[in-house]
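*Asks:* Pasting coords-v8.cif below, which is mmCIF, C-alpha atoms.
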```cif
data_input
#
loop_
_atom_site.label_atom_id
_atom_site.label_comp_id
_atom_site.auth_asym_id
_atom_site.auth_seq_id
_atom_site.Cartn_x
_atom_site.Cartn_y
_atom_site.Cartn_z
CA MET A 1 -17.29 -47.71 -72.27
CA GLY A 2 -14.84 -48.61 -69.57
CA PRO A 3 -15.71 -49.53 -66.01
CA ARG A 4 -14.85 -46.00 -64.79
CA SER A 5 -17.76 -44.49 -66.76
CA HIS A 6 -20.19 -46.90 -65.16
CA HIS A 7 -18.82 -46.30 -61.61
CA PRO A 8 -17.84 -42.64 -61.09
CA SER A 9 -17.16 -43.05 -57.38
CA LEU A 10 -14.80 -45.91 -58.07
CA GLY A 11 -12.95 -43.76 -60.57
CA PHE A 12 -12.58 -40.97 -57.98
CA SER A 13 -11.16 -43.41 -55.45
CA VAL A 14 -8.64 -44.80 -57.90
CA SER A 15 -7.56 -41.27 -58.81
CA SER A 16 -7.12 -40.37 -55.15
CA LEU A 17 -5.00 -43.44 -54.54
CA GLU A 18 -2.86 -42.58 -57.57
CA CYS A 19 -2.36 -39.03 -56.21
CA LEU A 20 -1.47 -40.33 -52.79
CA GLY A 21 0.91 -42.81 -54.32
CA ALA A 22 2.53 -40.06 -56.34
CA GLU A 23 2.84 -37.91 -53.23
CA GLY A 24 4.37 -40.80 -51.34
CA ARG A 25 6.92 -41.35 -54.11
CA LEU A 26 7.78 -37.66 -54.08
CA ALA A 27 8.18 -37.72 -50.29
CA HIS A 28 10.55 -40.70 -50.57
CA LYS A 29 12.51 -38.97 -53.27
CA LEU A 30 12.68 -35.78 -51.17
CA PHE A 31 13.83 -37.76 -48.15
CA ARG A 32 16.60 -39.45 -50.13
CA ASP A 33 17.74 -36.16 -51.61
CA LEU A 34 17.76 -34.31 -48.27
CA PHE A 35 19.58 -36.94 -46.23
CA ALA A 36 22.01 -38.14 -48.89
CA ASN A 37 24.88 -36.10 -47.43
CA TYR A 38 23.27 -34.90 -44.17
CA THR A 39 24.71 -35.47 -40.71
CA SER A 40 22.92 -34.85 -37.43
CA ALA A 41 26.13 -34.51 -35.46
CA LEU A 42 26.99 -30.92 -36.47
CA ARG A 43 25.22 -27.66 -35.92
CA PRO A 44 23.15 -26.93 -39.09
CA VAL A 45 24.38 -23.43 -39.97
CA ALA A 46 25.96 -22.20 -43.19
CA ASP A 47 28.41 -20.00 -41.28
CA THR A 48 30.04 -21.53 -38.20
CA ASP A 49 30.44 -18.07 -36.66
CA GLN A 50 26.70 -17.53 -36.82
CA ALA A 51 24.52 -18.34 -33.77
CA LEU A 52 21.58 -20.67 -34.26
CA ASN A 53 18.34 -19.26 -32.84
CA VAL A 54 16.09 -21.71 -30.97
CA THR A 55 12.62 -20.72 -29.85
CA LEU A 56 11.29 -22.50 -26.76
CA GLU A 57 7.61 -22.81 -25.90
CA VAL A 58 6.26 -24.65 -22.83
CA THR A 59 2.69 -25.75 -22.16
CA LEU A 60 1.81 -26.80 -18.60
CA SER A 61 -0.46 -29.83 -18.64
CA GLN A 62 -0.53 -31.12 -15.06
CA ILE A 63 1.04 -30.77 -11.62
CA ILE A 64 1.82 -34.35 -10.70
CA ASP A 65 3.34 -33.85 -7.27
CA MET A 66 4.78 -31.22 -4.94
CA ASP A 67 7.09 -32.89 -2.44
CA GLU A 68 7.61 -30.26 0.26
CA ARG A 69 9.77 -32.57 2.37
CA ASN A 70 12.33 -33.16 -0.41
CA GLN A 71 11.55 -29.87 -2.19
CA VAL A 72 10.92 -31.50 -5.57
CA LEU A 73 8.25 -30.44 -8.06
CA THR A 74 7.01 -32.95 -10.64
CA LEU A 75 5.26 -31.56 -13.73
CA TYR A 76 3.88 -32.87 -17.00
CA LEU A 77 4.88 -30.47 -19.79
CA TRP A 78 4.57 -30.15 -23.54
CA ILE A 79 7.79 -28.66 -24.87
CA ARG A 80 8.01 -27.18 -28.36
CA GLN A 81 11.36 -26.22 -29.90
CA GLU A 82 11.73 -24.45 -33.22
CA TRP A 83 14.88 -23.68 -35.19
CA THR A 84 16.05 -23.41 -38.80
CA ASP A 85 18.20 -26.11 -40.42
CA ALA A 86 20.22 -24.61 -43.25
CA TYR A 87 20.80 -28.02 -44.89
CA LEU A 88 17.17 -29.19 -45.00
CA ARG A 89 15.65 -26.90 -47.64
CA TRP A 90 13.99 -27.64 -50.96
CA ASP A 91 11.87 -26.14 -53.68
CA PRO A 92 8.23 -27.27 -53.27
CA ASP A 93 7.60 -26.98 -57.03
CA ALA A 94 10.29 -29.55 -57.72
CA TYR A 95 8.45 -32.07 -55.57
CA GLY A 96 4.86 -31.63 -56.63
CA GLY A 97 4.07 -28.78 -54.20
CA LEU A 98 5.19 -30.78 -51.15
CA ASP A 99 6.04 -28.13 -48.56
CA ALA A 100 6.33 -30.15 -45.30
CA ILE A 101 7.21 -33.65 -44.18
CA ARG A 102 7.24 -35.44 -40.82
CA ILE A 103 10.24 -37.53 -39.98
CA PRO A 104 11.67 -39.11 -36.79
CA SER A 105 13.45 -36.60 -34.62
CA SER A 106 16.49 -38.84 -34.31
CA LEU A 107 17.36 -38.21 -37.97
CA VAL A 108 17.90 -34.47 -37.65
CA TRP A 109 20.12 -32.32 -35.48
CA ARG A 110 18.45 -31.34 -32.21
CA PRO A 111 19.53 -28.69 -29.71
CA ASP A 112 20.88 -30.06 -26.43
CA ILE A 113 18.48 -28.00 -24.30
CA VAL A 114 18.08 -29.52 -20.86
CA LEU A 115 16.50 -28.59 -17.54
CA TYR A 116 19.26 -27.06 -15.42
CA ASN A 117 17.60 -27.53 -12.01
CA LYS A 118 16.71 -31.13 -12.65
CA ALA A 119 16.21 -33.18 -9.47
CA ASP A 120 16.14 -36.65 -11.02
CA ALA A 121 19.10 -39.01 -10.75
CA GLN A 122 18.24 -40.75 -14.04
CA PRO A 123 19.65 -39.39 -17.30
CA PRO A 124 17.16 -37.52 -19.51
CA ALA A 125 15.34 -39.72 -21.99
CA SER A 126 14.80 -38.40 -25.50
CA ALA A 127 11.18 -38.45 -26.59
CA SER A 128 10.66 -40.57 -29.72
CA THR A 129 8.40 -38.09 -31.47
CA ASN A 130 8.52 -36.81 -35.02
CA VAL A 131 9.60 -33.39 -36.16
CA VAL A 132 7.80 -31.27 -38.73
CA LEU A 133 10.22 -30.14 -41.45
CA ARG A 134 9.19 -27.33 -43.79
CA HIS A 135 10.61 -26.43 -47.17
CA ASP A 136 12.35 -23.29 -45.85
CA GLY A 137 14.32 -25.35 -43.30
CA ALA A 138 12.11 -24.54 -40.31
CA VAL A 139 12.06 -27.46 -37.86
CA ARG A 140 9.38 -27.85 -35.18
CA TRP A 141 9.81 -30.47 -32.49
CA ASP A 142 6.93 -31.13 -30.08
CA ALA A 143 7.70 -33.54 -27.26
CA PRO A 144 5.97 -34.36 -23.95
CA ALA A 145 8.12 -34.49 -20.84
CA ILE A 146 7.72 -35.33 -17.15
CA THR A 147 10.13 -33.08 -15.28
CA ARG A 148 11.34 -33.31 -11.69
CA SER A 149 12.85 -29.99 -10.69
CA SER A 150 14.17 -28.63 -7.43
CA CYS A 151 12.02 -25.95 -5.82
CA ARG A 152 12.71 -24.04 -2.61
CA VAL A 153 9.48 -24.39 -0.64
CA ASP A 154 8.72 -21.74 1.98
CA VAL A 155 5.98 -22.94 4.35
CA SER A 156 6.22 -20.12 6.88
CA ALA A 157 2.65 -19.11 5.99
CA PHE A 158 1.26 -22.67 5.78
CA PRO A 159 -1.57 -23.38 4.93
CA PHE A 160 -1.94 -19.94 3.29
CA ASP A 161 1.42 -20.08 1.53
CA ALA A 162 2.34 -19.22 -2.04
CA GLN A 163 5.27 -20.81 -3.86
CA ARG A 164 7.52 -19.75 -6.76
CA CYS A 165 9.16 -22.64 -8.58
CA GLY A 166 11.49 -21.93 -11.46
CA LEU A 167 12.28 -24.23 -14.40
CA THR A 168 15.46 -23.14 -16.18
CA PHE A 169 16.10 -24.45 -19.70
CA GLY A 170 19.30 -23.93 -21.65
CA SER A 171 21.92 -25.56 -23.81
CA TRP A 172 24.34 -27.76 -21.94
CA THR A 173 27.36 -27.45 -24.28
CA HIS A 174 26.67 -24.60 -26.70
CA GLY A 175 27.41 -21.06 -25.62
CA GLY A 176 25.55 -17.96 -26.62
CA HIS A 177 27.78 -17.44 -29.68
CA GLN A 178 26.72 -20.83 -31.04
CA LEU A 179 23.12 -21.28 -29.86
CA ASP A 180 20.74 -18.57 -28.69
CA VAL A 181 17.58 -19.74 -26.91
CA ARG A 182 14.58 -17.44 -26.53
CA PRO A 183 11.04 -17.95 -25.20
CA ARG A 184 7.98 -17.72 -27.40
CA GLY A 185 5.67 -15.26 -25.68
CA ALA A 186 5.82 -13.76 -22.23
CA ALA A 187 4.60 -16.83 -20.38
CA ALA A 188 3.96 -20.54 -20.69
CA SER A 189 0.61 -21.68 -22.01
CA LEU A 190 -2.06 -22.86 -19.53
CA ALA A 191 -4.75 -23.64 -22.09
CA ASP A 192 -4.61 -27.40 -21.52
CA PHE A 193 -3.88 -27.36 -17.80
CA VAL A 194 -5.66 -29.92 -15.61
CA GLU A 195 -6.67 -28.30 -12.30
CA ASN A 196 -4.90 -29.53 -9.19
CA VAL A 197 -6.82 -30.26 -5.98
CA GLU A 198 -4.20 -28.74 -3.69
CA TRP A 199 -2.55 -25.99 -5.72
CA ARG A 200 -3.97 -23.12 -7.74
CA VAL A 201 -1.79 -21.87 -10.61
CA LEU A 202 -1.54 -18.08 -10.80
CA GLY A 203 0.68 -17.96 -13.86
CA MET A 204 3.94 -19.11 -15.41
CA PRO A 205 5.89 -16.13 -16.74
CA ALA A 206 9.03 -16.60 -18.82
CA ARG A 207 12.31 -14.70 -18.50
CA ARG A 208 15.47 -14.90 -20.59
CA ARG A 209 18.86 -14.50 -18.92
CA VAL A 210 22.44 -14.45 -20.16
CA LEU A 211 24.92 -15.73 -17.56
CA THR A 212 28.64 -16.32 -17.49
CA TYR A 213 29.83 -19.31 -15.48
CA GLY A 214 33.21 -19.80 -13.88
CA CYS A 215 34.09 -22.72 -16.15
CA CYS A 216 33.71 -20.85 -19.42
CA SER A 217 34.36 -17.37 -20.75
CA GLU A 218 31.50 -17.19 -23.23
CA PRO A 219 27.95 -16.31 -22.09
CA TYR A 220 25.24 -18.92 -21.77
CA PRO A 221 21.64 -17.82 -22.40
CA ASP A 222 18.78 -19.64 -20.66
CA VAL A 223 15.02 -19.33 -20.28
CA THR A 224 13.40 -19.57 -16.85
CA PHE A 225 9.69 -20.33 -16.49
CA THR A 226 8.53 -19.38 -12.99
CA LEU A 227 5.49 -21.34 -11.83
CA LEU A 228 3.41 -19.26 -9.40
CA LEU A 229 1.39 -21.45 -7.03
CA ARG A 230 -0.99 -20.80 -4.16
CA ARG A 231 -2.17 -23.54 -1.83
CA ARG A 232 -5.87 -24.30 -1.58
CA ALA A 233 -6.36 -23.96 2.17
CA ALA A 234 -10.04 -24.94 2.48
CA ALA A 235 -9.31 -28.50 3.63
CA TYR A 236 -6.72 -27.38 6.19
CA VAL A 237 -9.04 -24.68 7.54
CA CYS A 238 -11.91 -27.13 8.03
CA ASN A 239 -9.86 -30.01 9.43
CA LEU A 240 -7.14 -28.30 11.47
CA LEU A 241 -7.78 -24.60 11.96
CA LEU A 242 -11.49 -24.33 12.81
CA PRO A 243 -11.38 -27.01 15.57
CA CYS A 244 -8.47 -25.18 17.16
CA VAL A 245 -10.33 -21.85 16.94
CA LEU A 246 -13.43 -23.32 18.61
CA ILE A 247 -11.38 -24.98 21.33
CA SER A 248 -9.44 -21.79 21.99
CA LEU A 249 -12.71 -19.87 22.38
CA LEU A 250 -13.98 -22.55 24.76
CA ALA A 251 -10.94 -22.41 27.05
CA PRO A 252 -11.67 -18.96 28.64
CA LEU A 253 -15.14 -20.13 29.66
CA ALA A 254 -13.48 -21.98 32.55
CA PHE A 255 -13.40 -18.59 34.31
CA HIS A 256 -17.19 -18.38 33.99
CA LEU A 257 -17.85 -21.71 35.70
CA PRO A 258 -18.80 -21.50 39.40
CA ALA A 259 -15.99 -22.53 41.69
CA ASP A 260 -18.27 -24.91 43.59
CA SER A 261 -18.92 -26.93 40.42
CA GLY A 262 -15.49 -28.54 40.66
CA GLU A 263 -15.06 -28.51 36.85
CA LYS A 264 -12.98 -25.38 36.32
CA VAL A 265 -9.59 -27.08 36.30
CA SER A 266 -10.98 -30.15 34.53
CA LEU A 267 -12.16 -28.01 31.61
CA GLY A 268 -8.73 -26.40 31.19
CA VAL A 269 -6.93 -29.75 31.28
CA THR A 270 -9.41 -31.25 28.78
CA VAL A 271 -8.91 -28.36 26.36
CA LEU A 272 -5.14 -28.69 26.68
CA LEU A 273 -5.30 -32.41 25.89
CA ALA A 274 -7.52 -31.75 22.85
CA LEU A 275 -5.05 -29.17 21.53
CA THR A 276 -2.21 -31.64 22.02
CA VAL A 277 -4.02 -34.22 19.88
CA PHE A 278 -4.60 -31.69 17.11
CA GLN A 279 -0.96 -30.61 17.36
CA LEU A 280 0.12 -34.19 16.68
CA LEU A 281 -2.19 -34.38 13.65
CA LEU A 282 -0.81 -31.08 12.41
CA ALA A 283 2.78 -32.27 12.77
CA GLU A 284 2.03 -35.23 10.47
CA SER A 285 0.49 -33.13 7.69
CA MET A 286 2.76 -30.11 8.00
CA PRO A 287 5.90 -30.11 5.82
CA PRO A 288 9.21 -29.71 7.66
CA ALA A 289 10.75 -26.26 7.55
CA GLU A 290 13.42 -24.15 9.17
CA SER A 291 10.83 -21.68 10.51
CA VAL A 292 7.63 -22.56 12.33
CA PRO A 293 4.59 -22.23 10.01
CA LEU A 294 1.78 -19.83 10.80
CA ILE A 295 -0.66 -22.50 11.93
CA GLY A 296 2.06 -24.01 14.14
CA LYS A 297 2.61 -20.64 15.80
CA TYR A 298 -1.14 -20.34 16.34
CA TYR A 299 -1.29 -23.76 18.01
CA MET A 300 1.67 -22.93 20.24
CA ALA A 301 0.16 -19.57 21.24
CA THR A 302 -3.20 -21.21 21.97
CA MET A 303 -1.66 -23.97 24.09
CA THR A 304 0.37 -21.38 26.01
CA MET A 305 -2.76 -19.34 26.63
CA VAL A 306 -4.69 -22.40 27.86
CA THR A 307 -1.81 -23.35 30.16
CA PHE A 308 -1.73 -19.89 31.73
CA SER A 309 -5.50 -19.81 32.07
CA THR A 310 -5.46 -23.18 33.86
CA ALA A 311 -2.75 -21.96 36.23
CA LEU A 312 -4.72 -18.79 36.97
CA THR A 313 -7.83 -20.88 37.55
CA ILE A 314 -5.99 -22.87 40.21
CA LEU A 315 -4.85 -19.62 41.86
CA ILE A 316 -8.38 -18.21 41.83
CA MET A 317 -9.71 -21.46 43.27
CA SER A 318 -7.28 -21.09 46.18
CA LEU A 319 -8.63 -17.57 46.79
CA HIS A 320 -12.20 -18.82 46.66
CA TYR A 321 -11.62 -21.51 49.26
CA CYS A 322 -9.87 -19.28 51.79
CA GLY A 323 -11.46 -20.32 55.11
CA PRO A 324 -12.72 -18.14 57.95
CA SER A 325 -9.29 -18.28 59.53
CA ALA A 326 -7.72 -16.41 56.62
CA ARG A 327 -6.42 -12.92 56.97
CA PRO A 328 -8.57 -10.03 55.80
CA VAL A 329 -8.32 -8.79 52.23
CA PRO A 330 -5.51 -6.19 51.99
CA ALA A 331 -6.57 -2.58 51.87
CA TRP A 332 -5.21 -2.00 48.37
CA ALA A 333 -7.02 -5.07 47.02
CA ARG A 334 -10.21 -4.02 48.79
CA ALA A 335 -10.05 -0.52 47.29
CA LEU A 336 -8.83 -1.47 43.79
CA LEU A 337 -10.32 -4.90 43.13
CA LEU A 338 -13.43 -5.03 45.32
CA GLY A 339 -14.10 -1.36 44.69
CA ARG A 340 -13.29 0.02 41.26
CA LEU A 341 -12.75 -3.20 39.34
CA ALA A 342 -15.87 -4.83 40.78
CA ARG A 343 -17.98 -1.83 39.76
CA GLY A 344 -16.40 -1.78 36.29
CA LEU A 345 -16.99 -5.50 35.72
CA CYS A 346 -20.47 -5.38 37.32
CA VAL A 347 -19.63 -8.02 39.93
CA ARG A 348 -22.26 -7.57 42.65
CA GLU A 349 -23.84 -9.50 45.44
CA ARG A 350 -27.42 -10.72 45.41
CA GLY A 351 -29.82 -7.79 45.52
CA GLU A 352 -27.10 -5.20 44.87
CA PRO A 353 -27.54 -3.01 41.75
CA CYS A 354 -24.86 -3.07 39.06
CA GLY A 355 -22.26 -0.34 39.38
CA ARG A 356 -22.59 -0.02 43.16
CA SER A 357 -20.58 -2.17 45.49
CA ARG A 358 -20.99 -2.81 49.17
CA PRO A 359 -18.94 -0.35 51.19
CA PRO A 360 -16.00 -2.03 52.87
CA GLU A 361 -16.43 -2.86 56.52
CA SER A 362 -13.59 -2.98 58.96
CA PRO A 363 -13.49 -6.12 61.05
CA PRO A 364 -14.58 -5.71 64.70
CA SER A 365 -11.98 -5.38 67.39
CA PRO A 366 -11.01 -8.68 68.99
CA GLN A 367 -11.11 -7.00 72.45
CA PRO A 368 -13.66 -8.50 74.86
CA PRO A 369 -16.65 -6.26 75.72
CA ASP A 370 -15.52 -5.59 79.30
CA GLY A 371 -11.97 -4.67 78.24
CA GLY A 372 -10.58 -7.43 80.46
CA ALA A 373 -10.50 -5.16 83.56
CA ARG A 374 -13.67 -6.31 85.33
CA PRO A 375 -13.09 -9.12 87.86
CA PRO A 376 -15.29 -12.20 87.78
CA PRO A 377 -18.56 -11.84 89.70
CA VAL A 378 -18.65 -12.95 93.28
CA ALA A 379 -21.16 -15.56 94.28
CA CYS A 380 -24.16 -14.09 96.00
CA HIS A 381 -27.00 -15.94 97.76
CA GLU A 382 -29.53 -13.16 97.68
CA PRO A 383 -32.13 -13.63 94.93
CA ARG A 384 -32.27 -9.95 93.91
CA CYS A 385 -28.61 -9.12 94.21
CA LEU A 386 -27.08 -6.81 91.58
CA CYS A 387 -24.16 -9.17 91.12
CA ARG A 388 -26.48 -11.70 89.44
CA GLN A 389 -27.50 -9.11 86.86
CA GLU A 390 -23.87 -8.28 86.19
CA ALA A 391 -23.10 -11.98 85.65
CA LEU A 392 -25.96 -12.21 83.17
CA LEU A 393 -24.71 -9.16 81.29
CA HIS A 394 -21.23 -10.66 81.14
CA HIS A 395 -22.55 -13.88 79.56
CA VAL A 396 -24.64 -11.91 77.05
CA ALA A 397 -21.60 -9.84 76.10
CA THR A 398 -19.55 -13.02 75.64
CA ILE A 399 -22.22 -14.47 73.34
CA ALA A 400 -22.40 -11.22 71.38
CA HIS A 401 -18.61 -11.11 71.00
CA THR A 402 -18.55 -14.71 69.73
CA PHE A 403 -21.35 -13.91 67.30
CA HIS A 404 -19.55 -10.82 66.00
CA SER A 405 -16.30 -12.76 65.65
CA HIS A 406 -18.11 -15.43 63.64
CA ARG A 407 -19.74 -12.78 61.47
CA ALA A 408 -16.37 -11.13 60.90
CA ALA A 409 -14.82 -14.45 59.87
CA GLN A 410 -17.72 -15.12 57.54
CA ARG A 411 -17.37 -11.63 56.12
CA ARG A 412 -13.66 -12.23 55.45
CA HIS A 413 -14.52 -15.49 53.74
CA GLU A 414 -17.17 -13.76 51.62
CA ASP A 415 -14.67 -11.03 50.69
CA TRP A 416 -12.18 -13.61 49.41
CA LYS A 417 -14.93 -15.37 47.45
CA ARG A 418 -16.02 -12.05 45.98
CA LEU A 419 -12.42 -11.26 45.09
CA ALA A 420 -12.21 -14.63 43.32
CA ARG A 421 -15.35 -13.77 41.31
CA VAL A 422 -13.86 -10.41 40.32
CA MET A 423 -10.66 -12.11 39.16
CA ASP A 424 -12.69 -14.70 37.24
CA ARG A 425 -14.65 -11.99 35.43
CA PHE A 426 -11.49 -9.99 34.69
CA PHE A 427 -9.49 -12.89 33.24
CA LEU A 428 -12.55 -14.11 31.32
CA GLY A 429 -12.55 -10.87 29.34
CA ILE A 430 -8.78 -10.83 28.92
CA PHE A 431 -8.35 -14.39 27.68
CA PHE A 432 -11.49 -14.37 25.55
CA SER A 433 -10.27 -11.20 23.82
CA MET A 434 -6.85 -12.76 23.26
CA ALA A 435 -8.35 -15.93 21.78
CA LEU A 436 -10.67 -13.93 19.53
CA VAL A 437 -7.91 -11.64 18.26
CA MET A 438 -5.53 -14.53 17.54
CA SER A 439 -8.25 -16.46 15.71
CA LEU A 440 -9.20 -13.45 13.59
CA LEU A 441 -5.56 -12.75 12.69
CA VAL A 442 -5.16 -16.31 11.44
CA LEU A 443 -8.53 -16.56 9.68
CA VAL A 444 -8.03 -13.24 7.88
CA GLN A 445 -5.11 -14.86 6.04
CA ALA A 446 -7.61 -17.16 4.29
CA LEU A 447 -9.54 -14.25 2.78
#
```
Would you put the structure from the file into structure tokens?

*Replies:*
Amino acid sequence: MGPRSHHPSLGFSVSSLECLGAEGRLAHKLFRDLFANYTSALRPVADTDQALNVTLEVTLSQIIDMDERNQVLTLYLWIRQEWTDAYLRWDPDAYGGLDAIRIPSSLVWRPDIVLYNKADAQPPASASTNVVLRHDGAVRWDAPAITRSSCRVDVSAFPFDAQRCGLTFGSWTHGGHQLDVRPRGAAASLADFVENVEWRVLGMPARRRVLTYGCCSEPYPDVTFTLLLRRRAAAYVCNLLLPCVLISLLAPLAFHLPADSGEKVSLGVTVLLALTVFQLLLAESMPPAESVPLIGKYYMATMTMVTFSTALTILIMSLHYCGPSARPVPAWARALLLGRLARGLCVRERGEPCGRSRPPESPPSPQPPDGGARPPPVACHEPRCLCRQEALLHHVATIAHTFHSHRAAQRRHEDWKRLARVMDRFFLGIFFSMALVMSLLVLVQAL
């Protein structure tokens, strides 16, 4: 008995090695037979008037970078090209059932399909990967590629913007009568895509076009894969938008502060400085664009609103501090502002019910009580003379007139203060409504 009968497993291993060796010899023989008179410089078609069909399939693996400033998109792709080589066919039965081999891609003819909107200054580097060659002449070439393509970035809706970046593939020298490129499927594959922290991929549809360029008369087919992106705005909302919304809602509260606190103007200036700081931070993170982005418009509108509110606060403060020597409130302001508007805004004095305002009082006449026609009293030495009583009445009338004049001045001062409170309440509602509406219009874009 030989050694194989005593060791069956050893016999199986030796048989497997012999089969593999035979297969290797057949593969070498097939390789020598196929490439004996083969050239990779010419298009592999039996009829030169026949177009060679190339099927293109793209798999998106990763978004490496989106450079909004230079408008360049960097992607990591897996590109598969399939075509039929008329000179690389064999009968599998003549080679022990060998129906496919893998050989270096540099040995066979490859289509000169390039990325038309390439944004890299370096020449394209050919991937040193193998091709799969089948017995019927079908060639499949899978190669990874890092592409840098130009992409027109529109940031008018930043940070809630969506981008469309196209990648156009086509032959550089062969026209449509020589090489016809078509996509495999309606879109690129996203099965192996690695999620990006800033961009969310909505899809990558494919579209075939046939164009005629000014340099050549024959048509040139190409395949365009359009990458649909939407920015993830959560970080921008938390870091840039929400602080601005809170500050803009805080700015109208300056109208609610009492004028005697002395902090009304200080609050407006502080809010304006805070918005300026956030505007500088936004300018650093915001990509440059021809149009102002949405969040930039919101910051500008908010800063304009705070500036106007601070200016109105200064005007209202000047009304509040009108002294007793000021002129009375005009009749139209007394009727419209201290009357209707005060009742509508429920601005009342202490002890006055809401909806009812104090009726306007006309200031007393500045005429003296005696009309200025009575002569000064004549000195009299009699103790019970009537002239002494008249002198006393004259002094009492003078005191009463001074008291009424003081009360009228105080009343004018109180009217101006009350007018300032009415204006504060009115502009509080106006500016708070404006800030709320602007904030909601911007935040609704994130939904």

*Asks:* Near A:Gly176, counting all atoms listed in the file, which residues have an atom at most 6 Å away, once you skip same-chain residues fewer than 6 positions from it, shown as number ranges by chain?

*Replies:* A: 219-221

*Asks:* For the contact check between stretch 153-259 of chain A and stretch 307-328 of chain A, emit one row per residue of stretch 153-259 of chain A within 12 Å, containing the shortest atom pair and the distance in Å rounded to one decimal, counting only C-alpha atoms, chain then rising number order, as a tab-separated table.

*Replies:*
```
residue	atom	partner	partner_atom	distance
A:Ser248	CA	A:Ser309	CA	11.0
A:Leu250	CA	A:Ser309	CA	11.5
A:Ala251	CA	A:Ser309	CA	7.8
A:Pro252	CA	A:Ser309	CA	7.1
A:Leu253	CA	A:Ser309	CA	9.9
A:Ala254	CA	A:Thr313	CA	7.6
A:Phe255	CA	A:Thr313	CA	6.8
A:His256	CA	A:Thr313	CA	10.3
A:Leu257	CA	A:Thr313	CA	10.2
A:Pro258	CA	A:Met317	CA	9.9
A:Ala259	CA	A:Met317	CA	6.6
```

*Asks:* Would you kindly translate the PyMOL selection byres ((chain A and resi 107-114) around 6) into the concrete residues it picks from this file, as a list in words?

*Replies:*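 On this input, the PyMOL selection byres ((chain A and resi 107-114) around 6) captures Ser40, Pro104, Ser105, Ser106, Leu115, Phe169, Gly170 and Ser171 of chain A.
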
*Asks:* Quick one: apply the PyMOL selection byres ((chain A and resi 198) around 7) to the file and drop the selected residues here as a list of chain:residue names.

*Replies:*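 Checking the PyMOL selection byres ((chain A and resi 198) around 7) against this file, the residues are A:Asn196, A:Val197, A:Trp199, A:Arg200, A:Arg231, A:Arg232.
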
*Asks:* Hey, can you spit out that residue selection with C-alpha atoms as a PDB file, in the frame of the given file?

*Replies:*
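selection_2.pdb, written as the output of this step:
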```
ATOM      1  CA  ASN A 196      -4.900 -29.530  -9.190  1.00  0.00           C
ATOM      2  CA  VAL A 197      -6.820 -30.260  -5.980  1.00  0.00           C
ATOM      3  CA  TRP A 199      -2.550 -25.990  -5.720  1.00  0.00           C
ATOM      4  CA  ARG A 200      -3.970 -23.120  -7.740  1.00  0.00           C
ATOM      5  CA  ARG A 231      -2.170 -23.540  -1.830  1.00  0.00           C
ATOM      6  CA  ARG A 232      -5.870 -24.300  -1.580  1.00  0.00           C
TER       7      ARG A 232
END
```

*Asks:* For each of A:Phe35, A:Trp83, A:Phe426, A:Tyr298, take the minimum atom-to-atom distance to A:Val181, counting all atoms listed in the file, then give the residue where this is smallest.

*Replies:*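 Closest residue, counting all atoms listed in the file: A:Trp83.
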
*Asks:* How far is it from atom CA of A:Asn70 to atom CA of A:Ser291, in Å with one decimal?

*Replies:*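 Calculated distance between atom CA of A:Asn70 and atom CA of A:Ser291 is 15.9 Å.
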
*Asks:* Could you state the separation of atom CA of A:Asp93 and atom CA of A:Ala36 in Å, given to one decimal place?

*Replies:*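 These atoms are spaced 20.0 Å apart.
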
*Asks:* At a cut-off of 10 Å, using all atoms listed in the file, what residues contact A:Pro183? Leave out same-chain residues fewer than 2 positions from it and give the result as a count of residues only.

*Replies:* 19

*Asks:* List as a ChimeraX atom specification the protein and nucleic acid residues near A:Gln71, meaning an atom at most 8 Å away when all atoms listed in the file are counted, but skip any in the same chain fewer than 2 places from it.

*Replies:* /A:66-69,73,150-153

*Asks:* Could the residues in this selection be written to a file with C-alpha atoms, as a compact mmCIF listing (two decimals), keeping the file's coordinate frame?

*Replies:*
```
# COMPACT_ATOMS: atom_id res chain seq x y z
CA MET A 66 4.78 -31.22 -4.94
CA ASP A 67 7.09 -32.89 -2.44
CA GLU A 68 7.61 -30.26 0.26
CA ARG A 69 9.77 -32.57 2.37
CA LEU A 73 8.25 -30.44 -8.06
CA SER A 150 14.17 -28.63 -7.43
CA CYS A 151 12.02 -25.95 -5.82
CA ARG A 152 12.71 -24.04 -2.61
CA VAL A 153 9.48 -24.39 -0.64
```

*Asks:* Which residue gives the smallest distance to A:Arg421 among A:Leu441, A:Leu345, A:Cys238, A:Leu211, with all atoms listed in the file counted?

*Replies:*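 Smallest distance to A:Arg421 is found for A:Leu345.
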
*Asks:* List the spatial neighbours of stretch 276-280 of chain A as a PDB file with C-alpha atoms, in the frame of the given file - criterion: any atom at most 9 Å away, all atoms listed in the file, same-chain residues fewer than 2 positions off excluded.

*Replies:*
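Here's the written file selection.pdb:
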```
ATOM      1  CA  LEU A 240      -7.140 -28.300  11.470  1.00  0.00           C
ATOM      2  CA  PRO A 243     -11.380 -27.010  15.570  1.00  0.00           C
ATOM      3  CA  CYS A 244      -8.470 -25.180  17.160  1.00  0.00           C
ATOM      4  CA  VAL A 271      -8.910 -28.360  26.360  1.00  0.00           C
ATOM      5  CA  LEU A 272      -5.140 -28.690  26.680  1.00  0.00           C
ATOM      6  CA  LEU A 273      -5.300 -32.410  25.890  1.00  0.00           C
ATOM      7  CA  ALA A 274      -7.520 -31.750  22.850  1.00  0.00           C
ATOM      8  CA  LEU A 282      -0.810 -31.080  12.410  1.00  0.00           C
ATOM      9  CA  ALA A 283       2.780 -32.270  12.770  1.00  0.00           C
ATOM     10  CA  GLU A 284       2.030 -35.230  10.470  1.00  0.00           C
ATOM     11  CA  GLY A 296       2.060 -24.010  14.140  1.00  0.00           C
ATOM     12  CA  TYR A 299      -1.290 -23.760  18.010  1.00  0.00           C
ATOM     13  CA  MET A 300       1.670 -22.930  20.240  1.00  0.00           C
ATOM     14  CA  MET A 303      -1.660 -23.970  24.090  1.00  0.00           C
TER      15      MET A 303
END
```
